[in-house]
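Colleague: I'd like to ask some things about the structure below.
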Amino acid sequence: MNRLDGSFVSSQAGVFYPYQHQDFYAMDSLFLSPLKEEEIWDFQSITQVQLGFLGFLTLRGYLREQLQMPKIKVRGLSKHWRSYLAKENFLGNEIPWETLDFIPNLVGEKTEFDSSFGKKGHWDVEFHFERKEGDTTSLFFVATNKQSEGDVAISDLMKEFLLYSQTNHYLERAYIRKENSSYLYLNAKETNPRVFYRENNTEFPAFLFLVAELKNKSIIHPN
């Protein structure tokens with residue numbers, strides 16, 4: 001699929017101004033909005049590193065790459081963002097967006113995450129990234145450029161993800177998205193998580209996206 005049919009592009013250029021919040025539905029509405037031929041994303045209002053924004057931005061970048069569109073340009077990154085991206089050498093993973101702010105390209109070994117979900121041959125592109133901070137682990141998973149026939153069920157990814165995470169963590173919240181629907185999972189320490197389902201069609205080619213926040217069981221203290 002390419003961008004020449006005009007169904008994905010709303011105008012020639014645009015600047016986007018996300019703001020700091022915790023709402024996955026709001027991130028979804030913004031980062032899966034109609035594409036513009038040239039895009040600048042201004043992160044000046046998002047001063048703290050938050051993997052939800054990083055994941056959605058990376059998803060949009062991969063979708064644009066599949067549609068053969070120019071890379072997203074990101075500006076206004078705070079010192080926290082610049083330091084984190086440099087320390088993790090995030091942009092060294094051939095991420096399909098670029099920053100207008102200077103971030104050192106640190107040379108070193110790439111971090112490999114032992115992910116048991118994905119890797120079933122359904123997708124040409126799969127990217128998994130994690131951030132550990134104190135008693136919290138945040139992660140996201142992006143899959144684009146579908147290779148297999150038929151539907152790829154969200155429930156299968158969630159089962160694999162829960163098996164992956166339950167040994168050392170409990171689920172705080174997670175959001176799984178595909179091109180036509182989403183599931184929001186909210187925390188449950190002793191029971192199954194609450195699940196909210198939405199049908200939400202987009203004009204994008206097939207994709208699968210997961211963003212999640214976990215708590216480390218060994219550090220959890222009773223209330």
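To be explicit about the labels: the chains of the structure tokens are called A, B, and onward in the order shown, and within each one the residues are counted from 1, while ligands get numbers from 1 in the order they are shown.
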Write down as a list of chain:residue names the residues belonging to stretch 96-216 of chain A that are assigned alpha helix (DSSP H) by DSSP computed on the backbone.
Modeller: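 Matching residues, listed in order: A:Ile154, A:Ser155, A:Asp156, A:Leu157, A:Met158, A:Lys159, A:Glu160, A:Phe161, A:Leu162, A:Leu163, A:Tyr164, A:Ser165.
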Colleague: Write to file, as an mmCIF file, in the first residue's frame, the residues of the selection just made, with N, CA, C and O atoms.
Modeller:
data_model
loop_
_atom_site.group_PDB
_atom_site.id
_atom_site.type_symbol
_atom_site.label_atom_id
_atom_site.label_comp_id
_atom_site.auth_asym_id
_atom_site.auth_seq_id
_atom_site.Cartn_x
_atom_site.Cartn_y
_atom_site.Cartn_z
ATOM 1 N N ILE A 154 -6.701 -9.745 18.863
ATOM 2 C CA ILE A 154 -6.147 -9.033 20.004
ATOM 3 C C ILE A 154 -6.044 -9.962 21.214
ATOM 4 O O ILE A 154 -5.078 -9.909 21.974
ATOM 5 N N SER A 155 -7.040 -10.829 21.390
ATOM 6 C CA SER A 155 -7.063 -11.702 22.569
ATOM 7 C C SER A 155 -5.826 -12.600 22.626
ATOM 8 O O SER A 155 -5.315 -12.905 23.706
ATOM 9 N N ASP A 156 -5.332 -13.028 21.472
ATOM 10 C CA ASP A 156 -4.136 -13.876 21.459
ATOM 11 C C ASP A 156 -2.929 -13.119 21.992
ATOM 12 O O ASP A 156 -2.137 -13.650 22.774
ATOM 13 N N LEU A 157 -2.772 -11.863 21.550
ATOM 14 C CA LEU A 157 -1.655 -11.053 22.033
ATOM 15 C C LEU A 157 -1.774 -10.821 23.533
ATOM 16 O O LEU A 157 -0.776 -10.896 24.264
ATOM 17 N N MET A 158 -2.995 -10.551 24.020
ATOM 18 C CA MET A 158 -3.158 -10.268 25.439
ATOM 19 C C MET A 158 -2.857 -11.497 26.284
ATOM 20 O O MET A 158 -2.225 -11.401 27.344
ATOM 21 N N LYS A 159 -3.260 -12.681 25.835
ATOM 22 C CA LYS A 159 -2.947 -13.907 26.574
ATOM 23 C C LYS A 159 -1.437 -14.098 26.671
ATOM 24 O O LYS A 159 -0.903 -14.427 27.736
ATOM 25 N N GLU A 160 -0.743 -13.890 25.553
ATOM 26 C CA GLU A 160 0.707 -14.032 25.553
ATOM 27 C C GLU A 160 1.359 -12.991 26.446
ATOM 28 O O GLU A 160 2.310 -13.283 27.179
ATOM 29 N N PHE A 161 0.830 -11.781 26.409
ATOM 30 C CA PHE A 161 1.390 -10.709 27.221
ATOM 31 C C PHE A 161 1.193 -10.996 28.711
ATOM 32 O O PHE A 161 2.108 -10.796 29.516
ATOM 33 N N LEU A 162 0.016 -11.476 29.098
ATOM 34 C CA LEU A 162 -0.241 -11.767 30.513
ATOM 35 C C LEU A 162 0.671 -12.886 31.009
ATOM 36 O O LEU A 162 1.189 -12.829 32.125
ATOM 37 N N LEU A 163 0.893 -13.888 30.184
ATOM 38 C CA LEU A 163 1.820 -14.955 30.563
ATOM 39 C C LEU A 163 3.238 -14.415 30.704
ATOM 40 O O LEU A 163 3.987 -14.802 31.605
ATOM 41 N N TYR A 164 3.584 -13.508 29.821
ATOM 42 C CA TYR A 164 4.914 -12.897 29.849
ATOM 43 C C TYR A 164 5.129 -12.077 31.125
ATOM 44 O O TYR A 164 6.201 -12.080 31.719
ATOM 45 N N SER A 165 4.084 -11.384 31.572
ATOM 46 C CA SER A 165 4.248 -10.411 32.652
ATOM 47 C C SER A 165 3.903 -10.937 34.043
ATOM 48 O O SER A 165 4.361 -10.388 35.042
#
Colleague: Just asking: which residues within stretch 30-200 of chain A are strand (DSSP E) according to DSSP, as a PyMOL selection string?
Modeller: chain A and resi 38-42+72-75+97-99+123-133+136-146+169-178+181-186+194-199
Colleague: For A:Phe24, which of A:Phe102, A:Trp41, A:Phe127, A:Phe56 is the closest residue, counting only C-alpha atoms?
Modeller: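 The shortest atom-to-atom distance to A:Phe24 comes from A:Phe56.
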Colleague: Between A:Leu186, A:Val74, A:Val15, A:Val211, which one has atoms that come closest to A:Leu51, using only C-alpha atoms?
Modeller: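 Nearest candidate to A:Leu51 out of A:Leu186, A:Val74, A:Val15, A:Val211: A:Val211.
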Colleague: Where does stretch 32-78 of chain A meet stretch 87-101 of chain A within 6 Å, residue by residue, with the nearest atom pair and distance in Å to one decimal for each, counting only C-alpha atoms, listed by chain and rising number, as JSON lines?
Modeller:
{"residue": "A:Gly61", "atom": "CA", "partner": "A:Pro96", "partner_atom": "CA", "distance": 5.0}
{"residue": "A:Tyr62", "atom": "CA", "partner": "A:Pro96", "partner_atom": "CA", "distance": 5.9}
{"residue": "A:Lys71", "atom": "CA", "partner": "A:Trp97", "partner_atom": "CA", "distance": 5.0}
{"residue": "A:Ile72", "atom": "CA", "partner": "A:Trp97", "partner_atom": "CA", "distance": 4.8}
{"residue": "A:Lys73", "atom": "CA", "partner": "A:Glu98", "partner_atom": "CA", "distance": 5.1}
{"residue": "A:Val74", "atom": "CA", "partner": "A:Thr99", "partner_atom": "CA", "distance": 4.5}
{"residue": "A:Arg75", "atom": "CA", "partner": "A:Leu100", "partner_atom": "CA", "distance": 5.2}
Colleague: Can you list, as a list in words, every protein, DNA or RNA residue that comes within 8 Å of A:Ser45 when you count only C-alpha atoms, leaving out same-chain residues fewer than 4 positions away?
Modeller: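 Here the qualifying residues turn out to be Tyr17, Pro18, Tyr19 and Gln20 of chain A.
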Colleague: Write a file of the just-selected residues containing N, CA and C atoms, as a PDB file, in the first residue's frame.
Modeller:
ATOM      1  N   TYR A  17       0.634  19.229  18.726  1.00  0.00           N
ATOM      2  CA  TYR A  17       1.080  19.655  20.051  1.00  0.00           C
ATOM      3  C   TYR A  17       0.446  18.765  21.128  1.00  0.00           C
ATOM      4  N   PRO A  18       0.947  17.564  21.334  1.00  0.00           N
ATOM      5  CA  PRO A  18       0.428  16.748  22.431  1.00  0.00           C
ATOM      6  C   PRO A  18       0.730  17.383  23.785  1.00  0.00           C
ATOM      7  N   TYR A  19      -0.090  17.055  24.789  1.00  0.00           N
ATOM      8  CA  TYR A  19       0.117  17.583  26.129  1.00  0.00           C
ATOM      9  C   TYR A  19       0.150  16.438  27.131  1.00  0.00           C
ATOM     10  N   GLN A  20       0.745  16.683  28.290  1.00  0.00           N
ATOM     11  CA  GLN A  20       0.969  15.638  29.301  1.00  0.00           C
ATOM     12  C   GLN A  20      -0.353  15.167  29.904  1.00  0.00           C
TER      13      GLN A  20
END
Colleague: For each of A:Leu67, A:Ile103, A:Leu171, A:Ala143, take the minimum atom-to-atom distance to A:Lys119, counting only C-alpha atoms, then give the residue where this is smallest.
Modeller: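 Among the listed residues, A:Ala143 lies closest to A:Lys119.
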Colleague: Just the residues within 10 Å of A:Gln50, please, counting only C-alpha atoms, with nothing from its chain fewer than 2 positions along; format it as JSON, numbers by chain.
Modeller: {"A": [20, 21, 22, 46, 47, 48, 52, 53, 54, 55, 81, 131, 138]}
Colleague: What is the atom CA of A:Lys217-atom CA of A:His169 distance in Å, reported with one decimal?
Modeller: 5.0 Å
Colleague: Between atom CA of A:Thr58 and atom CA of A:Thr167, measure the distance and give it in Å to one decimal.
Modeller: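 Spanning atom CA of A:Thr58 to atom CA of A:Thr167 is a straight-line distance of 27.6 Å.
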Colleague: Rounded to one decimal place, report the atom CA of A:Asn180-atom CA of A:Leu139 distance in Å.
Modeller: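 Spanning atom CA of A:Asn180 to atom CA of A:Leu139 is a straight-line distance of 22.0 Å.
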Colleague: For A:Leu184, which residue among A:His128, A:Asn201, A:Glu213, A:Trp123 is the nearest when counting only C-alpha atoms?
Modeller: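 Counting only C-alpha atoms, the residue closest to A:Leu184 is A:Glu213.
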Colleague: Can you tell me which residues surround A:Lys215 at a distance of at most 8 Å, considering only C-alpha atoms, apart from same-chain residues fewer than 6 positions away, and format the answer as a list in words?
Modeller: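 Listing them by chain and then by number gives Asp135, Thr136, Thr137, His169, Tyr170, Leu171 and Glu172 of chain A.
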